[in-house]
Amino acid sequence: MALAPWIVLVALAGIDVLLSLSGRKAVVLDMAPEVFVGETVLLKLKVTPAPLGLIARFDWPEGLSGPTETGFSGDTATVPCRAVRRGVWSLSQLWLLWPSRLKLFEFTPRLPVKLEVRVVPNIRPVQSGQITTTVMSTLYGVKENRAIGEGSEFHQLREFVRGMDVKTIDWKASARRRSLVARELQAERNHHVILALDTGYLMREDIAGLPKIDHATTAALAVAWAAAVGGDLVGYFAYDVRPRTFVAPRPGRTAFARLRSWTADLAYVGRETNHTLALTELNARTPKRSLIIIFTDFVDTTSAELMIENIGILARRHLVVFVTIRDPELEAVVERSPDDLDGVATLVAANQWVQDRRRVLERLVRLGVTIVDAKPNAVTARLISTYLDIKAKDLI
């Protein structure tokens, strides 16, 4: 009599196992092979045969993020997956979880899967054609834009008429023709544009769900495409504790293709940046006056001292654009009223950070550096606008 309940339980367990066995599970994963960093794509998962109450659990690699588990509708499941790091990432295993028919057991097999995803810098602004349209309409438009001044190149001779600048008269040509002739100039093309990316530990900080270096690479690719459309030559330079990569400016869209491949392989470095060594090397490698766009960051006025000094040396020969990305969460702390003493301490620290940042940027402006200080969602547009303004004024 005492053994009867246990015998019944063992019988029910055996029956439950026999009813729940459904053969070997076949798993099919489908996802785009290439994803832009910061974007979300759908992972489609199909399991056959699919028992009732099936749940899938994921062990995401470092470059991808998503829900830890998801349920099924029939034998399929759709999982949103966000790309958070550049690189090639693999999903090699998957856990399935489902209850037995009589709810006495839970099955949790681990199944090997094979899914490889390449996370690359975001070039959607380039693919959409918006940058090409903006650059073409701004620099050229319906009527070709011709800027007169230092650094301009000869376009053609034309008859001098009242209202034109007397300084444009070509006296030798006028003497030969025995009538006043003016030199018509147009803005130079084929300028050198150098994209210098700091890959040190400060650029690993997450802002708006992505490291600063990924926001910087997106903006760098956008302005590289704008420069290629504008007829300029694009080069790039990466540095952290020492100079890493330098590629001399090259013309056309082939330079953009090389730049995209290069930025896709940029490492997330945990070392402090040596601005003195890197910017001295960059100055030595660019003897011709160029537009140098520096993507970097700083913590306070003390740590930024050497950076300011070396950027000032660069600015004596070149036109320098300093690009830094603001933290919207930290700015929100400054605007929010504190509720307790901890909040007051946080507010004081945040205000000190904002003031230090402002002082550093003001010193750079006094050195003749153009500043692009914007939030992550606005840095690309601000940088392209700055580039177009420089081109229109023929400042290079």
# chains A, B, ... in the order shown; residues from 1 in each chain; ligands from 1
call {"tool": "residues_around", "arguments": {"residues": "range 124-126 of chain A", "least_positions_apart": "6", "cutoff": "12 Å", "atoms": "only C-alpha atoms", "output": "PDB file with C-alpha atoms, in the first residue's frame"}}
result
ATOM      1  CA  VAL A  35      23.990  44.870 -40.342  1.00  0.00           C
ATOM      2  CA  PHE A  36      24.733  48.545 -39.729  1.00  0.00           C
ATOM      3  CA  VAL A  37      25.963  49.285 -36.217  1.00  0.00           C
ATOM      4  CA  GLY A  38      23.240  50.800 -34.045  1.00  0.00           C
ATOM      5  CA  GLU A  39      20.378  49.352 -36.104  1.00  0.00           C
ATOM      6  CA  THR A 132      24.910  63.560 -52.697  1.00  0.00           C
ATOM      7  CA  THR A 133      21.851  65.723 -53.309  1.00  0.00           C
ATOM      8  CA  THR A 134      22.819  68.160 -50.538  1.00  0.00           C
ATOM      9  CA  VAL A 135      26.426  68.546 -51.699  1.00  0.00           C
ATOM     10  CA  THR A 218      29.431  57.127 -39.115  1.00  0.00           C
ATOM     11  CA  ALA A 219      30.070  60.878 -39.309  1.00  0.00           C
ATOM     12  CA  ALA A 220      33.505  60.290 -40.876  1.00  0.00           C
ATOM     13  CA  LEU A 221      32.057  58.085 -43.611  1.00  0.00           C
ATOM     14  CA  ALA A 222      29.352  60.651 -44.347  1.00  0.00           C
ATOM     15  CA  VAL A 223      31.795  63.546 -44.706  1.00  0.00           C
ATOM     16  CA  ALA A 224      34.160  61.345 -46.744  1.00  0.00           C
ATOM     17  CA  TRP A 225      31.352  60.730 -49.219  1.00  0.00           C
ATOM     18  CA  ALA A 226      30.514  64.445 -49.274  1.00  0.00           C
ATOM     19  CA  ALA A 227      34.176  65.253 -49.974  1.00  0.00           C
ATOM     20  CA  ALA A 228      34.303  62.678 -52.781  1.00  0.00           C
ATOM     21  CA  VAL A 229      31.196  64.216 -54.366  1.00  0.00           C
ATOM     22  CA  ARG A 253      34.707  57.072 -54.493  1.00  0.00           C
ATOM     23  CA  PHE A 256      35.365  55.927 -49.647  1.00  0.00           C
ATOM     24  CA  ALA A 257      35.313  52.161 -50.237  1.00  0.00           C
ATOM     25  CA  ARG A 260      34.573  51.949 -45.109  1.00  0.00           C
ATOM     26  CA  THR A 380      26.722  63.953 -38.943  1.00  0.00           C
ATOM     27  CA  ALA A 381      24.470  66.747 -40.203  1.00  0.00           C
ATOM     28  CA  ILE A 384      28.568  68.016 -43.341  1.00  0.00           C
TER      29      ILE A 384
END
call {"tool": "select_by_dssp", "arguments": {"residues": "range 45-241 of chain A", "states": "strand (DSSP E)", "output": "NGL selection string"}}
result
:A and (45-48 or 55-58 or 64-65 or 69-71 or 76-83 or 87-99 or 106-107 or 110-120 or 153-159 or 181-186 or 192-198 or 206-207 or 210-211 or 233-239)
call {"tool": "residues_around", "arguments": {"residues": "Ala26 in chain A", "least_positions_apart": "2", "cutoff": "10 Å", "atoms": "only C-alpha atoms", "output": "ChimeraX atom specification"}}
result
/A:23-24,28,46-50,111,113
call {"tool": "write_last_selection", "arguments": {"atoms": "all heavy atoms", "output": "PDB file, in the first residue's frame"}}
result
ATOM      1  N   GLY A  23      11.158  13.429 -31.227  1.00  0.00           N
ATOM      2  CA  GLY A  23      12.249  13.285 -32.188  1.00  0.00           C
ATOM      3  C   GLY A  23      13.250  14.447 -32.101  1.00  0.00           C
ATOM      4  O   GLY A  23      13.100  15.394 -31.349  1.00  0.00           O
ATOM      5  N   ARG A  24      14.279  14.369 -32.907  1.00  0.00           N
ATOM      6  CA  ARG A  24      15.351  15.364 -32.920  1.00  0.00           C
ATOM      7  C   ARG A  24      14.834  16.682 -33.501  1.00  0.00           C
ATOM      8  O   ARG A  24      14.135  16.702 -34.506  1.00  0.00           O
ATOM      9  CB  ARG A  24      16.523  14.845 -33.751  1.00  0.00           C
ATOM     10  CG  ARG A  24      17.737  15.754 -33.703  1.00  0.00           C
ATOM     11  CD  ARG A  24      18.865  15.144 -34.517  1.00  0.00           C
ATOM     12  NE  ARG A  24      20.042  15.985 -34.469  1.00  0.00           N
ATOM     13  CZ  ARG A  24      20.948  15.965 -33.502  1.00  0.00           C
ATOM     14  NH1 ARG A  24      20.780  15.135 -32.484  1.00  0.00           N
ATOM     15  NH2 ARG A  24      22.000  16.755 -33.537  1.00  0.00           N
ATOM     16  N   VAL A  28      16.394  26.263 -37.740  1.00  0.00           N
ATOM     17  CA  VAL A  28      16.788  27.084 -38.896  1.00  0.00           C
ATOM     18  C   VAL A  28      16.797  28.545 -38.448  1.00  0.00           C
ATOM     19  O   VAL A  28      15.787  29.048 -37.943  1.00  0.00           O
ATOM     20  CB  VAL A  28      15.829  26.896 -40.089  1.00  0.00           C
ATOM     21  CG1 VAL A  28      16.250  27.800 -41.245  1.00  0.00           C
ATOM     22  CG2 VAL A  28      15.814  25.436 -40.522  1.00  0.00           C
ATOM     23  N   LYS A  46      13.115  29.052 -36.714  1.00  0.00           N
ATOM     24  CA  LYS A  46      12.127  28.003 -36.982  1.00  0.00           C
ATOM     25  C   LYS A  46      12.628  26.686 -36.389  1.00  0.00           C
ATOM     26  O   LYS A  46      13.767  26.278 -36.626  1.00  0.00           O
ATOM     27  CB  LYS A  46      11.891  27.850 -38.475  1.00  0.00           C
ATOM     28  CG  LYS A  46      10.801  26.845 -38.806  1.00  0.00           C
ATOM     29  CD  LYS A  46      10.511  26.800 -40.293  1.00  0.00           C
ATOM     30  CE  LYS A  46       9.382  25.819 -40.604  1.00  0.00           C
ATOM     31  NZ  LYS A  46       9.083  25.769 -42.057  1.00  0.00           N
ATOM     32  N   VAL A  47      11.761  26.029 -35.593  1.00  0.00           N
ATOM     33  CA  VAL A  47      12.097  24.755 -34.955  1.00  0.00           C
ATOM     34  C   VAL A  47      11.053  23.720 -35.346  1.00  0.00           C
ATOM     35  O   VAL A  47       9.848  23.956 -35.198  1.00  0.00           O
ATOM     36  CB  VAL A  47      12.143  24.903 -33.414  1.00  0.00           C
ATOM     37  CG1 VAL A  47      12.416  23.554 -32.759  1.00  0.00           C
ATOM     38  CG2 VAL A  47      13.211  25.907 -33.000  1.00  0.00           C
ATOM     39  N   THR A  48      11.501  22.599 -35.845  1.00  0.00           N
ATOM     40  CA  THR A  48      10.580  21.504 -36.216  1.00  0.00           C
ATOM     41  C   THR A  48      11.130  20.182 -35.676  1.00  0.00           C
ATOM     42  O   THR A  48      12.323  19.901 -35.824  1.00  0.00           O
ATOM     43  CB  THR A  48      10.434  21.413 -37.742  1.00  0.00           C
ATOM     44  OG1 THR A  48      11.722  21.344 -38.350  1.00  0.00           O
ATOM     45  CG2 THR A  48       9.672  22.589 -38.285  1.00  0.00           C
ATOM     46  N   PRO A  49      10.244  19.367 -35.087  1.00  0.00           N
ATOM     47  CA  PRO A  49       8.870  19.700 -34.666  1.00  0.00           C
ATOM     48  C   PRO A  49       8.887  20.609 -33.436  1.00  0.00           C
ATOM     49  O   PRO A  49       9.817  20.549 -32.637  1.00  0.00           O
ATOM     50  CB  PRO A  49       8.285  18.335 -34.335  1.00  0.00           C
ATOM     51  CG  PRO A  49       9.467  17.498 -33.947  1.00  0.00           C
ATOM     52  CD  PRO A  49      10.630  17.981 -34.742  1.00  0.00           C
ATOM     53  N   ALA A  50       7.851  21.438 -33.302  1.00  0.00           N
ATOM     54  CA  ALA A  50       7.786  22.416 -32.210  1.00  0.00           C
ATOM     55  C   ALA A  50       6.738  21.986 -31.197  1.00  0.00           C
ATOM     56  O   ALA A  50       5.539  22.014 -31.493  1.00  0.00           O
ATOM     57  CB  ALA A  50       7.445  23.793 -32.761  1.00  0.00           C
ATOM     58  N   LEU A 111      21.383  23.173 -28.357  1.00  0.00           N
ATOM     59  CA  LEU A 111      21.582  22.759 -29.744  1.00  0.00           C
ATOM     60  C   LEU A 111      22.654  23.626 -30.398  1.00  0.00           C
ATOM     61  O   LEU A 111      22.666  24.852 -30.229  1.00  0.00           O
ATOM     62  CB  LEU A 111      20.279  22.890 -30.534  1.00  0.00           C
ATOM     63  CG  LEU A 111      19.076  22.120 -29.978  1.00  0.00           C
ATOM     64  CD1 LEU A 111      17.856  22.362 -30.858  1.00  0.00           C
ATOM     65  CD2 LEU A 111      19.385  20.626 -29.900  1.00  0.00           C
ATOM     66  N   VAL A 113      24.184  25.740 -33.326  1.00  0.00           N
ATOM     67  CA  VAL A 113      23.678  26.463 -34.498  1.00  0.00           C
ATOM     68  C   VAL A 113      24.852  27.190 -35.133  1.00  0.00           C
ATOM     69  O   VAL A 113      25.928  27.338 -34.539  1.00  0.00           O
ATOM     70  CB  VAL A 113      22.564  27.457 -34.122  1.00  0.00           C
ATOM     71  CG1 VAL A 113      21.336  26.726 -33.616  1.00  0.00           C
ATOM     72  CG2 VAL A 113      23.051  28.465 -33.097  1.00  0.00           C
TER      73      VAL A 113
END
call {"tool": "closest_residue", "arguments": {"among": "A:Gly14, A:Lys103, A:Arg357, A:Pro287", "to": "Arg317 in chain A", "atoms": "only C-alpha atoms"}}
result
A:Pro287
call {"tool": "residues_around", "arguments": {"residues": "Pro80 in chain A", "least_positions_apart": "2", "cutoff": "9 Å", "atoms": "only C-alpha atoms", "output": "mmCIF file with C-alpha atoms, in the first residue's frame"}}
result
data_model
loop_
_atom_site.group_PDB
_atom_site.id
_atom_site.type_symbol
_atom_site.label_atom_id
_atom_site.label_comp_id
_atom_site.auth_asym_id
_atom_site.auth_seq_id
_atom_site.Cartn_x
_atom_site.Cartn_y
_atom_site.Cartn_z
ATOM 1 C CA THR A 40 17.888 46.633 -35.183
ATOM 2 C CA VAL A 41 17.123 43.694 -37.466
ATOM 3 C CA LEU A 42 14.868 40.664 -37.099
ATOM 4 C CA LEU A 43 16.177 37.181 -36.460
ATOM 5 C CA LYS A 44 13.769 34.522 -37.729
ATOM 6 C CA SER A 65 22.025 42.289 -28.106
ATOM 7 C CA GLY A 66 18.458 41.081 -27.813
ATOM 8 C CA PRO A 67 15.977 39.401 -25.459
ATOM 9 C CA THR A 78 10.792 36.507 -34.633
ATOM 10 C CA ARG A 82 20.399 45.134 -32.187
#
call {"tool": "select_by_dssp", "arguments": {"residues": "range 179-395 of chain A", "states": "alpha helix (DSSP H)", "output": "JSON, numbers by chain"}}
result
{"A": [212, 213, 214, 215, 216, 217, 218, 219, 220, 221, 222, 223, 224, 225, 226, 227, 228, 229, 252, 253, 254, 255, 256, 257, 258, 259, 260, 261, 262, 263, 264, 275, 276, 277, 278, 279, 280, 281, 282, 283, 284, 285, 305, 306, 307, 308, 309, 310, 311, 312, 313, 314, 315, 316, 317, 328, 329, 330, 331, 332, 333, 334, 335, 341, 342, 343, 344, 345, 346, 347, 348, 349, 350, 351, 352, 353, 354, 355, 356, 357, 358, 359, 360, 361, 362, 363, 364, 365, 366, 379, 380, 381, 382, 383, 384, 385, 386, 387, 388, 389, 390, 391, 392, 393]}
call {"tool": "residues_around", "arguments": {"residues": "Thr199 in chain A", "least_positions_apart": "2", "cutoff": "8 Å", "atoms": "only C-alpha atoms", "output": "list in words"}}
result
Leu197, Tyr201, Leu202, Met203, Arg204, Ile213, Ala238, Tyr239, Asp240, Leu266, Ala267, Tyr268, Val269, Thr273 and Thr296 of chain A
call {"tool": "residues_around", "arguments": {"residues": "range 96-100 of chain A", "least_positions_apart": "5", "cutoff": "6 Å", "atoms": "only C-alpha atoms", "output": "mmCIF file with N, CA and C atoms, in the first residue's frame"}}
result
data_model
loop_
_atom_site.group_PDB
_atom_site.id
_atom_site.type_symbol
_atom_site.label_atom_id
_atom_site.label_comp_id
_atom_site.auth_asym_id
_atom_site.auth_seq_id
_atom_site.Cartn_x
_atom_site.Cartn_y
_atom_site.Cartn_z
ATOM 1 N N SER A 20 5.811 12.925 -24.633
ATOM 2 C CA SER A 20 6.500 14.181 -24.938
ATOM 3 C C SER A 20 7.619 14.017 -25.942
ATOM 4 N N GLY A 53 4.290 25.278 -25.882
ATOM 5 C CA GLY A 53 4.996 26.009 -24.831
ATOM 6 C C GLY A 53 6.482 26.145 -25.058
ATOM 7 N N LEU A 54 6.926 26.025 -26.312
ATOM 8 C CA LEU A 54 8.356 26.084 -26.621
ATOM 9 C C LEU A 54 8.904 27.501 -26.405
ATOM 10 N N ILE A 55 10.066 27.587 -25.781
ATOM 11 C CA ILE A 55 10.771 28.856 -25.550
ATOM 12 C C ILE A 55 12.224 28.683 -25.982
ATOM 13 N N ALA A 56 12.756 29.697 -26.630
ATOM 14 C CA ALA A 56 14.166 29.688 -27.029
ATOM 15 C C ALA A 56 14.940 30.672 -26.162
ATOM 16 N N PHE A 105 7.853 17.310 -16.289
ATOM 17 C CA PHE A 105 9.250 17.530 -16.619
ATOM 18 C C PHE A 105 9.388 18.805 -17.458
ATOM 19 N N GLU A 106 10.648 19.316 -17.503
ATOM 20 C CA GLU A 106 11.025 20.382 -18.434
ATOM 21 C C GLU A 106 12.235 19.905 -19.222
ATOM 22 N N PHE A 107 12.163 20.045 -20.531
ATOM 23 C CA PHE A 107 13.267 19.660 -21.392
ATOM 24 C C PHE A 107 14.059 20.917 -21.765
ATOM 25 N N THR A 108 15.371 20.872 -21.582
ATOM 26 C CA THR A 108 16.218 22.038 -21.893
ATOM 27 C C THR A 108 17.451 21.599 -22.684
ATOM 28 N N PRO A 109 17.291 21.156 -23.901
ATOM 29 C CA PRO A 109 18.471 20.758 -24.689
ATOM 30 C C PRO A 109 19.235 21.987 -25.207
#
call {"tool": "closest_residue", "arguments": {"among": "A:Val27, A:Val79, A:Leu383, A:Ala11", "to": "Arg110 in chain A", "atoms": "only C-alpha atoms"}}
result
A:Val27
call {"tool": "atom_distance", "arguments": {"atom1": "CA of Glu331 in chain A", "atom2": "CA of Val354 in chain A"}}
result
8.1 Å
call {"tool": "residues_around", "arguments": {"residues": "range 300-309 of chain A", "least_positions_apart": "6", "cutoff": "7 Å", "atoms": "only C-alpha atoms", "output": "list in words"}}
result
His275, Thr276, Trp353, Asp356, Arg357, Val360 and Leu364 of chain A
call {"tool": "atom_distance", "arguments": {"atom1": "CA of Ile294 in chain A", "atom2": "CA of Ala196 in chain A"}}
result
4.7 Å
call {"tool": "atom_distance", "arguments": {"atom1": "CA of Gly312 in chain A", "atom2": "CA of Leu367 in chain A"}}
result
5.9 Å
call {"tool": "closest_residue", "arguments": {"among": "A:Val369, A:Ala332, A:Leu12, A:Thr254", "to": "Ile311 in chain A", "atoms": "only C-alpha atoms"}}
result
A:Val369
call {"tool": "decode", "arguments": {"residues": "range 319-368 of chain A", "atoms": "C-alpha atoms", "output": "PDB file, in the first residue's frame"}}
result
ATOM      1  CA  LEU A 319      42.419  74.149 -41.355  1.00  0.00           C
ATOM      2  CA  VAL A 320      41.379  72.043 -38.358  1.00  0.00           C
ATOM      3  CA  VAL A 321      37.851  70.912 -37.470  1.00  0.00           C
ATOM      4  CA  PHE A 322      37.503  69.505 -33.953  1.00  0.00           C
ATOM      5  CA  VAL A 323      34.585  67.057 -33.597  1.00  0.00           C
ATOM      6  CA  THR A 324      33.368  65.986 -30.174  1.00  0.00           C
ATOM      7  CA  ILE A 325      30.141  64.241 -29.156  1.00  0.00           C
ATOM      8  CA  ARG A 326      28.033  65.543 -26.298  1.00  0.00           C
ATOM      9  CA  ASP A 327      26.379  63.258 -23.771  1.00  0.00           C
ATOM     10  CA  PRO A 328      22.618  64.035 -23.691  1.00  0.00           C
ATOM     11  CA  GLU A 329      22.120  62.097 -20.444  1.00  0.00           C
ATOM     12  CA  LEU A 330      24.731  64.161 -18.613  1.00  0.00           C
ATOM     13  CA  GLU A 331      23.246  67.400 -19.941  1.00  0.00           C
ATOM     14  CA  ALA A 332      19.846  66.253 -18.696  1.00  0.00           C
ATOM     15  CA  VAL A 333      21.350  65.902 -15.198  1.00  0.00           C
ATOM     16  CA  VAL A 334      22.392  69.569 -15.302  1.00  0.00           C
ATOM     17  CA  GLU A 335      18.885  70.679 -16.252  1.00  0.00           C
ATOM     18  CA  ARG A 336      17.132  68.527 -13.610  1.00  0.00           C
ATOM     19  CA  SER A 337      16.541  69.790 -10.060  1.00  0.00           C
ATOM     20  CA  PRO A 338      18.125  67.564  -7.372  1.00  0.00           C
ATOM     21  CA  ASP A 339      15.921  65.742  -4.856  1.00  0.00           C
ATOM     22  CA  ASP A 340      18.513  64.954  -2.170  1.00  0.00           C
ATOM     23  CA  LEU A 341      22.153  65.513  -1.180  1.00  0.00           C
ATOM     24  CA  ASP A 342      23.381  62.854  -3.589  1.00  0.00           C
ATOM     25  CA  GLY A 343      21.546  64.650  -6.366  1.00  0.00           C
ATOM     26  CA  VAL A 344      23.187  67.950  -5.350  1.00  0.00           C
ATOM     27  CA  ALA A 345      26.646  66.358  -5.491  1.00  0.00           C
ATOM     28  CA  THR A 346      25.878  64.884  -8.914  1.00  0.00           C
ATOM     29  CA  LEU A 347      24.623  68.252 -10.158  1.00  0.00           C
ATOM     30  CA  VAL A 348      27.782  70.051  -8.963  1.00  0.00           C
ATOM     31  CA  ALA A 349      30.027  67.478 -10.666  1.00  0.00           C
ATOM     32  CA  ALA A 350      28.026  67.653 -13.894  1.00  0.00           C
ATOM     33  CA  ASN A 351      28.169  71.459 -13.918  1.00  0.00           C
ATOM     34  CA  GLN A 352      31.930  71.346 -13.385  1.00  0.00           C
ATOM     35  CA  TRP A 353      32.245  68.975 -16.338  1.00  0.00           C
ATOM     36  CA  VAL A 354      30.172  71.270 -18.561  1.00  0.00           C
ATOM     37  CA  GLN A 355      32.241  74.327 -17.575  1.00  0.00           C
ATOM     38  CA  ASP A 356      35.552  72.517 -18.207  1.00  0.00           C
ATOM     39  CA  ARG A 357      34.306  71.375 -21.579  1.00  0.00           C
ATOM     40  CA  ARG A 358      33.262  74.903 -22.516  1.00  0.00           C
ATOM     41  CA  ARG A 359      36.640  76.359 -21.505  1.00  0.00           C
ATOM     42  CA  VAL A 360      38.534  73.817 -23.632  1.00  0.00           C
ATOM     43  CA  LEU A 361      36.367  74.497 -26.699  1.00  0.00           C
ATOM     44  CA  GLU A 362      36.771  78.270 -26.249  1.00  0.00           C
ATOM     45  CA  ARG A 363      40.563  77.910 -26.191  1.00  0.00           C
ATOM     46  CA  LEU A 364      40.441  75.882 -29.411  1.00  0.00           C
ATOM     47  CA  VAL A 365      38.288  78.532 -31.078  1.00  0.00           C
ATOM     48  CA  ARG A 366      40.846  81.200 -30.160  1.00  0.00           C
ATOM     49  CA  LEU A 367      43.489  79.073 -31.925  1.00  0.00           C
ATOM     50  CA  GLY A 368      41.445  79.210 -35.133  1.00  0.00           C
TER      51      GLY A 368
END
